[in-house]
$ cat start.txt   # compact mmCIF, C-alpha atoms
# COMPACT_ATOMS: atom_id res chain seq x y z
CA GLN G 72 -15.47 -11.68 2.26
CA VAL G 73 -11.88 -10.45 2.02
CA GLN G 74 -10.55 -8.30 4.82
CA LEU G 75 -7.50 -6.10 4.47
CA VAL G 76 -6.29 -4.47 7.67
CA GLU G 77 -3.64 -1.77 7.53
CA SER G 78 -1.40 -0.53 10.32
CA GLY G 79 1.79 1.44 10.76
CA GLY G 80 0.70 4.95 9.91
CA GLY G 81 1.60 7.91 12.05
CA SER G 82 3.38 11.23 12.17
CA VAL G 83 6.99 11.62 11.15
CA GLN G 84 9.36 14.44 10.34
CA PRO G 85 10.60 15.02 6.79
CA GLY G 86 13.37 12.61 5.96
CA GLY G 87 11.99 9.99 8.32
CA SER G 88 10.73 6.49 7.67
CA LEU G 89 7.61 4.45 8.28
CA ARG G 90 6.59 0.92 7.43
CA LEU G 91 2.99 0.18 6.63
CA SER G 92 1.56 -3.31 6.98
CA CYS G 93 -1.55 -4.89 5.51
CA VAL G 94 -2.80 -8.23 6.74
CA SER G 95 -5.05 -10.12 4.34
CA SER G 96 -7.68 -12.63 5.37
CA ARG G 97 -7.00 -14.51 2.15
CA VAL G 98 -3.78 -16.01 0.87
CA PHE G 99 -1.81 -13.80 -1.49
CA PHE G 100 -1.76 -16.25 -4.34
CA SER G 101 -5.52 -15.95 -4.70
CA PHE G 102 -5.04 -12.35 -5.84
CA ARG G 103 -3.89 -11.15 -9.22
CA SER G 104 -2.12 -8.23 -7.62
CA MET G 105 -1.88 -6.23 -4.41
CA GLY G 106 -0.74 -2.74 -3.75
CA TRP G 107 -0.89 0.53 -1.93
CA TYR G 108 -2.83 3.63 -2.87
CA ARG G 109 -2.98 7.00 -1.19
CA GLN G 110 -5.34 9.92 -1.11
CA SER G 111 -4.81 13.44 0.14
CA PRO G 112 -7.65 15.89 0.84
CA GLY G 113 -8.97 17.31 -2.40
CA LYS G 114 -6.99 14.92 -4.55
CA GLU G 115 -7.75 11.75 -6.46
CA ARG G 116 -6.71 8.43 -5.01
CA GLU G 117 -3.47 7.40 -6.66
CA SER G 118 -1.50 4.20 -6.97
CA VAL G 119 1.74 4.23 -5.01
CA ALA G 120 3.11 0.72 -5.47
CA ARG G 121 1.90 -2.62 -6.74
CA ILE G 122 3.10 -6.20 -6.71
CA THR G 123 1.72 -8.95 -8.90
CA VAL G 124 1.19 -12.58 -7.97
CA GLY G 125 4.41 -13.31 -9.86
CA GLY G 126 6.34 -10.80 -7.79
CA ASN G 127 6.69 -8.02 -10.35
CA THR G 128 6.59 -4.56 -8.80
CA ASN G 129 5.95 -1.08 -10.05
CA TYR G 130 5.95 2.30 -8.38
CA ALA G 131 4.66 5.79 -8.91
CA ASP G 132 7.40 8.06 -10.20
CA SER G 133 7.06 10.24 -7.12
CA VAL G 134 8.10 7.42 -4.77
CA LYS G 135 10.64 5.48 -6.85
CA GLY G 136 13.85 4.97 -4.93
CA ARG G 137 12.20 5.88 -1.63
CA PHE G 138 9.40 3.33 -1.16
CA THR G 139 9.61 -0.45 -1.34
CA ILE G 140 6.68 -2.84 -1.54
CA SER G 141 7.13 -6.38 -0.29
CA ARG G 142 5.12 -9.27 1.00
CA ASP G 143 5.42 -12.10 3.48
CA ASN G 144 3.40 -15.04 2.27
CA GLY G 145 3.39 -16.81 5.60
CA PRO G 146 1.30 -14.35 7.56
CA ASN G 147 -0.30 -12.96 4.36
CA THR G 148 1.13 -9.53 5.07
CA LEU G 149 1.91 -6.82 2.57
CA TYR G 150 4.37 -4.08 3.47
CA LEU G 151 5.27 -0.64 2.27
CA GLN G 152 8.62 0.60 3.52
CA MET G 153 8.69 4.38 3.15
CA ASN G 154 12.02 6.17 3.48
CA SER G 155 13.05 9.80 2.97
CA LEU G 156 9.48 10.88 3.56
CA GLU G 157 8.42 14.28 2.29
CA PRO G 158 5.49 16.50 3.29
CA GLU G 159 3.95 15.66 -0.10
CA ASP G 160 3.65 12.04 1.07
CA THR G 161 1.07 13.07 3.65
CA ALA G 162 -2.12 11.13 2.88
CA ASN G 163 -4.35 8.29 3.87
CA TYR G 164 -2.79 5.08 2.59
CA TYR G 165 -4.97 2.19 1.50
CA CYS G 166 -4.17 -1.43 0.93
CA HIS G 167 -5.69 -2.83 -2.25
CA ALA G 168 -6.07 -6.31 -3.70
CA SER G 169 -7.68 -7.56 -6.86
CA ASP G 170 -8.53 -10.98 -8.11
CA TRP G 171 -10.09 -11.73 -11.47
CA LEU G 172 -13.53 -10.66 -10.30
CA ASN G 173 -13.35 -7.99 -7.60
CA ASP G 174 -11.34 -5.23 -5.99
CA TYR G 175 -10.86 -5.08 -2.24
CA TRP G 176 -9.81 -2.20 -0.03
CA GLY G 177 -8.62 -1.72 3.50
CA GLN G 178 -9.91 1.00 5.76
CA GLY G 179 -6.81 3.15 5.40
CA THR G 180 -4.05 4.37 7.66
CA GLN G 181 -2.99 7.98 7.95
CA VAL G 182 0.54 9.20 7.30
CA ILE G 183 1.51 12.74 8.24
CA VAL G 184 4.91 14.13 7.31
CA ALA G 185 5.56 17.46 8.99
CA SER G 186 8.22 19.31 10.94

$ encode --input "start.txt" --output "structure tokens"
Amino acid sequence: QVQLVESGGGSVQPGGSLRLSCVSSRVFFSFRSMGWYRQSPGKERESVARITVGGNTNYADSVKGRFTISRDNGPNTLYLQMNSLEPEDTANYYCHASDWLNDYWGQGTQVIVAS
């Protein structure tokens, strides 16, 4: 069973930064891709950023230039560096991984951007 454990959420003022972390119980190279999703109350869960096993990345238009996804293979940790945060970024953020058979999700970490 794969476990994905997120941390790093919290409250921050507009314009601030946070870094989310996701520790995987399985090595990264066993996944086809990993990424971050977010969901706000009353909205659909949306993809924020993804990174493939080959290292290719893609981002939602709303976060391009502000968020950066990266990984550290040693401790099997995925990161999401979030800069210039806006109130619209307020959501629960979920770590996601997929191999060629299944999808896996973390429990989520909350990010609140408010004055």

$ closest_residue --input "start.txt" --among "G:Trp107, G:Phe102, G:Trp171, G:Trp176" --to "Val76 (chain G)" --atoms "all atoms listed in the file"
G:Trp176

$ closest_residue --input "start.txt" --among "G:Cys166, G:Ala185, G:Leu156, G:Cys93" --to "Ser78 (chain G)" --atoms "only C-alpha atoms"
G:Cys93

$ atom_distance --input "start.txt" --atom1 "CA of Phe99 (chain G)" --atom2 "CA of Pro146 (chain G)"
9.6 Å

$ axis_aligned_box --input "start.txt" --around "region 87-100 of chain G" --padding-each-side "5 Å" --output "JSON"
{"center_x": 2.2, "center_y": -3.1, "center_z": 2.0, "size_x": 29.7, "size_y": 36.2, "size_z": 22.7}

$ residues_around --input "start.txt" --residues "Lys114 (chain G)" --least-positions-apart "2" --cutoff "12 Å" --atoms "only C-alpha atoms" --output "list in words"
Arg109, Gln110, Ser111, Pro112, Arg116, Glu117, Glu159, Thr161, Ala162 and Asn163 of chain G

$ build_atoms --input "start.txt" --residues "region 117-128 of chain G" --atoms "all heavy atoms" --output "compact mmCIF listing (two decimals), keeping the file's coordinate frame"
# COMPACT_ATOMS: atom_id res chain seq x y z
N GLU G 117 -4.49 7.76 -5.69
CA GLU G 117 -3.47 7.40 -6.66
C GLU G 117 -2.74 6.13 -6.24
O GLU G 117 -2.57 5.86 -5.05
CB GLU G 117 -2.45 8.54 -6.82
CG GLU G 117 -1.67 8.88 -5.58
CD GLU G 117 -0.57 9.91 -5.82
OE1 GLU G 117 -0.32 10.26 -6.99
OE2 GLU G 117 0.05 10.34 -4.84
N SER G 118 -2.29 5.40 -7.23
CA SER G 118 -1.50 4.20 -6.97
C SER G 118 -0.09 4.60 -6.55
O SER G 118 0.52 5.46 -7.17
CB SER G 118 -1.46 3.33 -8.22
OG SER G 118 -0.63 2.21 -8.01
N VAL G 119 0.39 3.97 -5.52
CA VAL G 119 1.74 4.23 -5.01
C VAL G 119 2.68 3.10 -5.42
O VAL G 119 3.76 3.34 -5.94
CB VAL G 119 1.72 4.37 -3.48
CG1 VAL G 119 3.13 4.53 -2.93
CG2 VAL G 119 0.84 5.54 -3.06
N ALA G 120 2.27 1.87 -5.17
CA ALA G 120 3.11 0.72 -5.47
C ALA G 120 2.23 -0.50 -5.63
O ALA G 120 1.20 -0.62 -4.95
CB ALA G 120 4.14 0.49 -4.36
N ARG G 121 2.66 -1.40 -6.51
CA ARG G 121 1.90 -2.62 -6.74
C ARG G 121 2.85 -3.79 -6.89
O ARG G 121 4.01 -3.63 -7.29
CB ARG G 121 1.07 -2.50 -8.02
CG ARG G 121 0.01 -1.43 -7.97
CD ARG G 121 -0.73 -1.30 -9.28
NE ARG G 121 -1.41 -2.53 -9.65
CZ ARG G 121 -2.59 -2.89 -9.14
NH1 ARG G 121 -3.18 -2.14 -8.24
NH2 ARG G 121 -3.16 -4.00 -9.52
N ILE G 122 2.34 -4.98 -6.54
CA ILE G 122 3.10 -6.20 -6.71
C ILE G 122 2.16 -7.26 -7.25
O ILE G 122 1.04 -7.42 -6.75
CB ILE G 122 3.78 -6.65 -5.39
CG1 ILE G 122 4.65 -7.88 -5.62
CG2 ILE G 122 2.76 -6.87 -4.28
CD1 ILE G 122 5.58 -8.17 -4.44
N THR G 123 2.58 -7.94 -8.30
CA THR G 123 1.72 -8.95 -8.90
C THR G 123 1.93 -10.31 -8.22
O THR G 123 2.86 -10.49 -7.43
CB THR G 123 2.04 -9.11 -10.40
OG1 THR G 123 3.34 -9.68 -10.53
CG2 THR G 123 1.98 -7.77 -11.11
N VAL G 124 1.07 -11.25 -8.55
CA VAL G 124 1.19 -12.58 -7.97
C VAL G 124 2.54 -13.19 -8.33
O VAL G 124 3.10 -13.98 -7.55
CB VAL G 124 0.02 -13.47 -8.42
CG1 VAL G 124 0.07 -13.72 -9.92
CG2 VAL G 124 -0.01 -14.78 -7.65
N GLY G 125 3.11 -12.79 -9.46
CA GLY G 125 4.41 -13.31 -9.86
C GLY G 125 5.58 -12.58 -9.24
O GLY G 125 6.73 -12.96 -9.45
N GLY G 126 5.28 -11.53 -8.49
CA GLY G 126 6.34 -10.80 -7.79
C GLY G 126 6.85 -9.56 -8.51
O GLY G 126 7.77 -8.90 -8.01
N ASN G 127 6.28 -9.24 -9.66
CA ASN G 127 6.69 -8.02 -10.35
C ASN G 127 6.15 -6.80 -9.61
O ASN G 127 5.02 -6.80 -9.13
CB ASN G 127 6.17 -8.02 -11.78
CG ASN G 127 6.79 -9.12 -12.61
OD1 ASN G 127 7.98 -9.37 -12.53
ND2 ASN G 127 5.97 -9.80 -13.40
N THR G 128 6.98 -5.77 -9.53
CA THR G 128 6.59 -4.56 -8.80
C THR G 128 6.63 -3.35 -9.73
O THR G 128 7.38 -3.32 -10.71
CB THR G 128 7.52 -4.30 -7.61
OG1 THR G 128 8.86 -4.16 -8.08
CG2 THR G 128 7.46 -5.45 -6.61
